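Trainee: Can you keep this structure in mind? I'll have questions shortly.
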Amino acid sequence: MSRPNAIAAFSMVLLTCRGRYLLLERAPGKRFAPGKWTGLGGRIEAAEMDDVRAAALRELTEEAGLRPEEIARFTLRRVLLHARPGVPLTLLLHFTGELAEPVLPPCPEGTLHWVEAAELTALDLIDNAAVVIPVLIADLARDPAGTEPVVVGAARYAADGSLAAIVWA
């Protein structure tokens, strides 16, 4: 197995409204994780690394037409480093935010759905999202204003590409 020789960064945003969470069911024709569920987000370009918050907000605008002023308490909560076999070393920046109304805009990446926390176990979530989304929900419950420090973690993957563990510092 070769070692990563590049770094990629992505945002994932978990939006909440009235006790529910906005998740993306990825389109079946997507190259990565077709039909899987996750939050909204996408690639953070190299030129955006000096303002990852703005990059995450850009992705929300591109994917769901949401404007930054519509999102309250937009907060970077967790950063996850992972080295999945065959891809660059990856930083996943996890944000949370709150919407006043439960909008369901069209999304070019798939279909958006509002779900309750109790529904998560029935969804086919992307492997790391299945671990991180419940942790973000707990973060929101414990610290709604997002005043706690950002938590950093690392994901370990098996040789077959399956998620083995996530350890938070």
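Each chain in the structure tokens gets a letter, A, B and so on, in the order shown; residues start at 1 in every chain, and ligands are counted from 1 in the order they appear.
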Taking the DSSP secondary structure from the backbone, can you list the residues of chain A that are alpha helix (DSSP H), as a list in words?

Mentor: Val52, Arg53, Ala54, Ala55, Ala56, Leu57, Arg58, Glu59, Leu60, Thr61, Glu62, Glu63, Ala64, Asp127, Asn128, Ala129, Ala130, Val131, Val132, Ile133, Pro134, Val135, Leu136, Ile137, Ala138, Asp139, Leu140, Ala141 and Arg142 of chain A

Trainee: For the contact check between segment 112-147 of chain A and segment 28-41 of chain A, emit one row per residue of segment 112-147 of chain A within 12 Å, containing the shortest atom pair and the distance in Å rounded to one decimal, counting only C-alpha atoms, chain then rising number order, as a tab-separated table.

Mentor:
residue	atom	partner	partner_atom	distance
A:Leu112	CA	A:Leu40	CA	8.8
A:His113	CA	A:Trp37	CA	9.7
A:Trp114	CA	A:Gly39	CA	10.7
A:Val115	CA	A:Trp37	CA	11.1
A:Glu119	CA	A:Trp37	CA	11.9
A:Leu120	CA	A:Trp37	CA	9.5
A:Thr121	CA	A:Trp37	CA	11.2
A:Ala122	CA	A:Trp37	CA	10.6
A:Leu123	CA	A:Trp37	CA	6.8
A:Asp124	CA	A:Lys36	CA	5.4
A:Leu125	CA	A:Trp37	CA	4.3
A:Ile126	CA	A:Lys36	CA	5.6
A:Asp127	CA	A:Lys36	CA	9.1
A:Asn128	CA	A:Thr38	CA	9.2
A:Ala129	CA	A:Thr38	CA	5.9
A:Ala130	CA	A:Thr38	CA	8.1
A:Val131	CA	A:Thr38	CA	10.8
A:Val132	CA	A:Thr38	CA	9.9
A:Ile133	CA	A:Gly39	CA	8.2
A:Pro134	CA	A:Thr38	CA	11.6
A:Leu136	CA	A:Gly39	CA	11.0

Trainee: Do you know which residues are at most 7 Å from Glu109 of chain A counting only C-alpha atoms, after dropping those on the same chain fewer than 3 positions away, and could you put them as a list in words?

Mentor: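 That gives Arg26, Ala27 and Glu63 of chain A.
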
Trainee: Which residues, written as a list of chain:residue names, have at least one atom at most 7 Å from Glu98 of chain A, with only C-alpha atoms counted and residues fewer than 6 positions away on the same chain left out?

Mentor: A:Leu15, A:Thr16, A:Cys17, A:Ile71, A:Ala72, A:Arg73

Trainee: As number ranges by chain, please: every residue in segment 63-153 of chain A that a backbone DSSP assignment puts in strand (DSSP E or B).

Mentor: A: 71-82, 89-99, 107, 110-115, 125, 151-153
